[in-house]
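A.B. asks: If it helps, the file is called input35.cif and holds mmCIF, C-alpha atoms:
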```cif
data_structure
#
loop_
_atom_site.label_atom_id
_atom_site.label_comp_id
_atom_site.auth_asym_id
_atom_site.auth_seq_id
_atom_site.Cartn_x
_atom_site.Cartn_y
_atom_site.Cartn_z
CA MET W 1 16.59 22.72 -128.67
CA ALA W 2 20.00 23.05 -127.04
CA MET W 3 20.19 22.94 -123.29
CA ILE W 4 22.02 25.78 -121.61
CA PRO W 5 23.56 24.76 -118.29
CA SER W 6 21.82 26.31 -115.36
CA PHE W 7 23.30 26.79 -111.92
CA PHE W 8 21.19 23.92 -110.62
CA ASP W 9 21.21 20.66 -112.55
CA ASN W 10 17.81 19.09 -111.95
CA ARG W 11 18.86 15.78 -113.48
CA ARG W 12 21.67 15.21 -111.01
CA GLY W 13 20.50 17.37 -108.13
CA THR W 14 23.80 19.27 -108.07
CA ILE W 15 24.85 22.87 -108.40
CA PHE W 16 26.53 23.78 -111.68
CA ASP W 17 30.18 24.73 -111.21
CA PRO W 18 31.52 26.66 -114.23
CA PHE W 19 35.13 26.03 -113.14
CA THR W 20 34.91 22.25 -113.39
CA TRP W 21 32.46 22.06 -116.30
CA GLU W 22 33.97 20.25 -119.28
CA PRO W 23 31.99 21.20 -122.40
CA PHE W 24 33.78 18.66 -124.65
CA LYS W 25 33.61 15.72 -122.26
CA ASP W 26 30.99 13.86 -124.32
CA PHE W 27 32.58 14.46 -127.73
CA PRO W 28 34.08 11.41 -129.46
CA PHE W 29 37.76 12.43 -129.26
CA PRO W 30 40.34 9.65 -129.67
CA PRO W 31 42.09 8.44 -126.51
CA SER W 32 45.41 10.14 -125.73
CA SER W 33 47.39 7.08 -126.82
CA LEU W 34 46.05 7.50 -130.37
CA VAL W 35 46.86 11.20 -130.67
CA SER W 36 50.04 11.90 -132.59
CA HIS W 37 52.79 13.34 -130.45
CA GLU W 38 54.44 14.85 -133.53
CA ASN W 39 52.56 18.09 -132.92
CA SER W 40 53.26 18.33 -129.21
CA ALA W 41 54.78 21.44 -127.68
CA PHE W 42 57.85 19.47 -126.65
CA VAL W 43 58.58 18.59 -130.26
CA ASN W 44 58.63 22.32 -131.03
CA THR W 45 61.05 23.18 -128.22
CA ARG W 46 61.76 26.87 -128.27
CA ILE W 47 65.35 28.03 -127.87
CA ASP W 48 66.64 31.52 -127.17
CA TRP W 49 69.86 32.65 -128.90
CA LYS W 50 71.62 35.77 -127.75
CA GLU W 51 74.99 37.21 -128.69
CA THR W 52 77.26 38.91 -126.20
CA PRO W 53 80.63 40.50 -126.94
CA GLU W 54 82.29 37.21 -125.85
CA ALA W 55 79.94 34.42 -126.99
CA HIS W 56 76.76 33.12 -128.59
CA ILE W 57 74.48 31.75 -125.84
CA PHE W 58 71.61 29.33 -126.44
CA LYS W 59 69.02 28.55 -123.73
CA ALA W 60 66.28 25.91 -123.83
CA ASP W 61 63.70 25.07 -121.17
CA LEU W 62 63.65 21.27 -120.89
CA PRO W 63 61.78 20.56 -117.64
CA GLY W 64 61.92 17.00 -116.44
CA LEU W 65 64.79 15.95 -118.70
CA LYS W 66 68.13 14.71 -117.41
CA LYS W 67 71.34 15.79 -119.10
CA GLU W 68 71.77 12.19 -120.31
CA GLU W 69 68.55 12.56 -122.34
CA VAL W 70 69.84 15.60 -124.26
CA LYS W 71 72.51 15.75 -126.98
CA VAL W 72 74.47 18.82 -128.06
CA GLU W 73 76.57 18.39 -131.20
CA VAL W 74 78.38 20.47 -133.79
CA GLU W 75 78.13 19.02 -137.27
CA ASP W 76 79.39 20.15 -140.67
CA GLU W 77 81.78 22.49 -138.82
CA ARG W 78 79.26 25.27 -138.23
CA VAL W 79 75.87 23.69 -137.38
CA LEU W 80 74.91 23.47 -133.71
CA GLN W 81 72.43 20.64 -133.15
CA ILE W 82 70.41 20.26 -129.93
CA SER W 83 68.22 17.15 -129.60
CA GLY W 84 66.54 14.96 -127.03
CA GLU W 85 63.53 12.88 -126.15
CA ARG W 86 60.98 12.70 -123.37
CA SER W 87 59.37 9.27 -123.19
CA VAL W 88 55.63 8.80 -122.96
CA GLU W 89 54.57 7.75 -119.48
CA LYS W 90 53.67 4.07 -119.37
CA GLU W 91 49.96 3.45 -119.23
CA ASP W 92 48.53 0.88 -116.83
CA LYS W 93 45.28 -0.78 -117.91
CA ASN W 94 43.85 -0.02 -114.45
CA ASP W 95 44.58 3.72 -114.70
CA THR W 96 41.98 6.23 -115.81
CA TRP W 97 43.48 9.37 -117.36
CA HIS W 98 41.40 12.52 -116.88
CA ARG W 99 43.75 14.91 -118.66
CA VAL W 100 47.02 14.62 -120.62
CA GLU W 101 48.73 17.99 -121.06
CA ARG W 102 52.41 17.26 -120.57
CA SER W 103 54.28 16.92 -123.84
CA SER W 104 56.41 14.00 -124.89
CA GLY W 105 58.36 13.00 -127.96
CA LYS W 106 61.58 13.88 -129.71
CA PHE W 107 62.90 17.29 -130.56
CA LEU W 108 65.71 18.44 -132.83
CA ARG W 109 66.85 22.01 -133.45
CA ARG W 110 69.70 23.17 -135.68
CA PHE W 111 71.42 26.55 -135.85
CA ARG W 112 74.00 27.68 -138.41
CA LEU W 113 76.74 29.37 -136.44
CA PRO W 114 78.44 32.51 -137.75
CA GLU W 115 82.06 32.59 -138.91
CA ASN W 116 83.27 34.05 -135.60
CA ALA W 117 82.11 31.00 -133.57
CA ARG W 118 84.84 28.92 -131.95
CA VAL W 119 83.17 25.55 -132.48
CA ASP W 120 86.06 23.67 -130.86
CA GLU W 121 85.32 25.37 -127.51
CA VAL W 122 81.53 24.83 -127.16
CA LYS W 123 80.36 24.20 -123.59
CA ALA W 124 76.96 22.99 -122.38
CA SER W 125 75.40 22.83 -118.92
CA MET W 126 72.02 21.83 -117.53
CA GLU W 127 70.60 23.31 -114.34
CA ASN W 128 67.03 23.18 -113.05
CA GLY W 129 65.72 21.99 -116.42
CA VAL W 130 67.40 24.78 -118.40
CA LEU W 131 70.02 23.82 -120.99
CA THR W 132 72.63 26.51 -121.63
CA VAL W 133 75.03 26.15 -124.57
CA THR W 134 77.86 28.66 -124.82
CA VAL W 135 79.78 29.09 -128.06
CA PRO W 136 82.73 31.45 -127.56
CA LYS W 137 83.49 33.99 -130.28
CA GLU W 138 86.84 34.71 -131.87
CA GLU W 139 88.27 37.98 -130.73
CA VAL W 140 87.89 40.65 -133.33
CA LYS W 141 91.35 41.92 -134.12
CA LYS W 142 91.43 45.64 -134.49
CA PRO W 143 93.36 46.64 -137.56
CA ASP W 144 96.71 48.28 -136.91
CA VAL W 145 96.38 51.95 -137.66
CA LYS W 146 99.51 53.81 -138.62
CA ALA W 147 99.32 57.58 -138.68
CA ILE W 148 100.82 59.10 -141.79
CA GLU W 149 102.46 62.48 -141.48
CA ILE W 150 101.29 64.95 -144.07
CA SER W 151 104.07 67.00 -145.53
CA GLY W 152 103.86 70.44 -146.97
#
```
Mind turning this structure into structure tokens?

C.D. replies:
Amino acid sequence: MAMIPSFFDNRRGTIFDPFTWEPFKDFPFPPSSLVSHENSAFVNTRIDWKETPEAHIFKADLPGLKKEEVKVEVEDERVLQISGERSVEKEDKNDTWHRVERSSGKFLRRFRLPENARVDEVKASMENGVLTVTVPKEEVKKPDVKAIEISG
């Protein structure tokens, strides 16, 4: 028969608090150091790409990373590559971890740029954990229109 938690725990003489109750605390999950970081949220860094009349703008939230830990490259002439890595925090044998929710690991995202991208003028900046990459666009030349007089 399964025990349903009551508001008063007779075994411990304490009041049940549903906000601190951890239903999976006694399950045999592997320690955080054994869990693969390949599936972490940081690995799947989400990047916004918007196009304005002047440029293609990419934005990525990378909290806690320094600009030296992020690389922005253009390869194969038209592929924008954004990559980086957040190291796993060093574990001390005397520390007891209660929760590990912050992501770590490597990320790599690639975007094929359109023909109008000026890849030789790409600029990147990092402010408050937000990476902004600006790829200017070539100006669209309006075709010369010559009016033709209609005779007759």

A.B. asks: Written as a ChimeraX atom specification, which residues does the PyMOL selection byres ((chain W and resi 56-66) around 10) give for the file shown?

C.D. replies: /W:42,45-55,67-70,80,82,84-87,111,113-114,116-118,122-137

A.B. asks: What does the structure give for the distance between atom CA of Lys106 of chain W and atom CA of Ser83 of chain W, in Å to one decimal?

C.D. replies: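 Distance reported for this atom pair: 7.4 Å.
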
A.B. asks: If I put a ball of radius 12 Å at (57.5, 5.9, -120.7) in the file's coordinates, which residues poke into it when counting only C-alpha atoms, written as a list in words?

C.D. replies: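 Using only C-alpha atoms, the matching residues come out as Ser33, Glu85, Arg86, Ser87, Val88, Glu89, Lys90, Glu91, Asp92, Ser103, Ser104 and Gly105 of chain W.
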
A.B. asks: Between W:Glu149, W:Glu101, W:Asp120, W:Asp144, single out the one closest to Glu77 of chain W, counting all atoms listed in the file.

C.D. replies: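 Selected residue with least distance to Glu77 of chain W: W:Asp120.
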
A.B. asks: Please report the interatomic distance between atom CA of Arg112 of chain W and atom CA of Val140 of chain W in Å with one decimal.

C.D. replies: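 Atom CA of Val140 of chain W lies at a distance of 19.7 Å from atom CA of Arg112 of chain W.
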
A.B. asks: Distance atom CA of Glu121 of chain W-atom CA of Val74 of chain W, one decimal place?

C.D. replies: 10.6 Å

A.B. asks: Rank nothing, just name the residue among W:Arg102, W:Trp97, W:Val119, W:Leu108 nearest to Glu75 of chain W, using all atoms listed in the file.

C.D. replies: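 Ranked by minimum distance to Glu75 of chain W, first place goes to W:Val119.
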
A.B. asks: Between W:Gly152, W:Glu115, W:His98, W:Lys93, which is the closest to Arg78 of chain W once you count all atoms listed in the file?

C.D. replies: W:Glu115

A.B. asks: Nearest residue to Phe107 of chain W out of W:Val79, W:Val72, W:Pro143, W:Asn94, using all atoms listed in the file?

C.D. replies: W:Val72
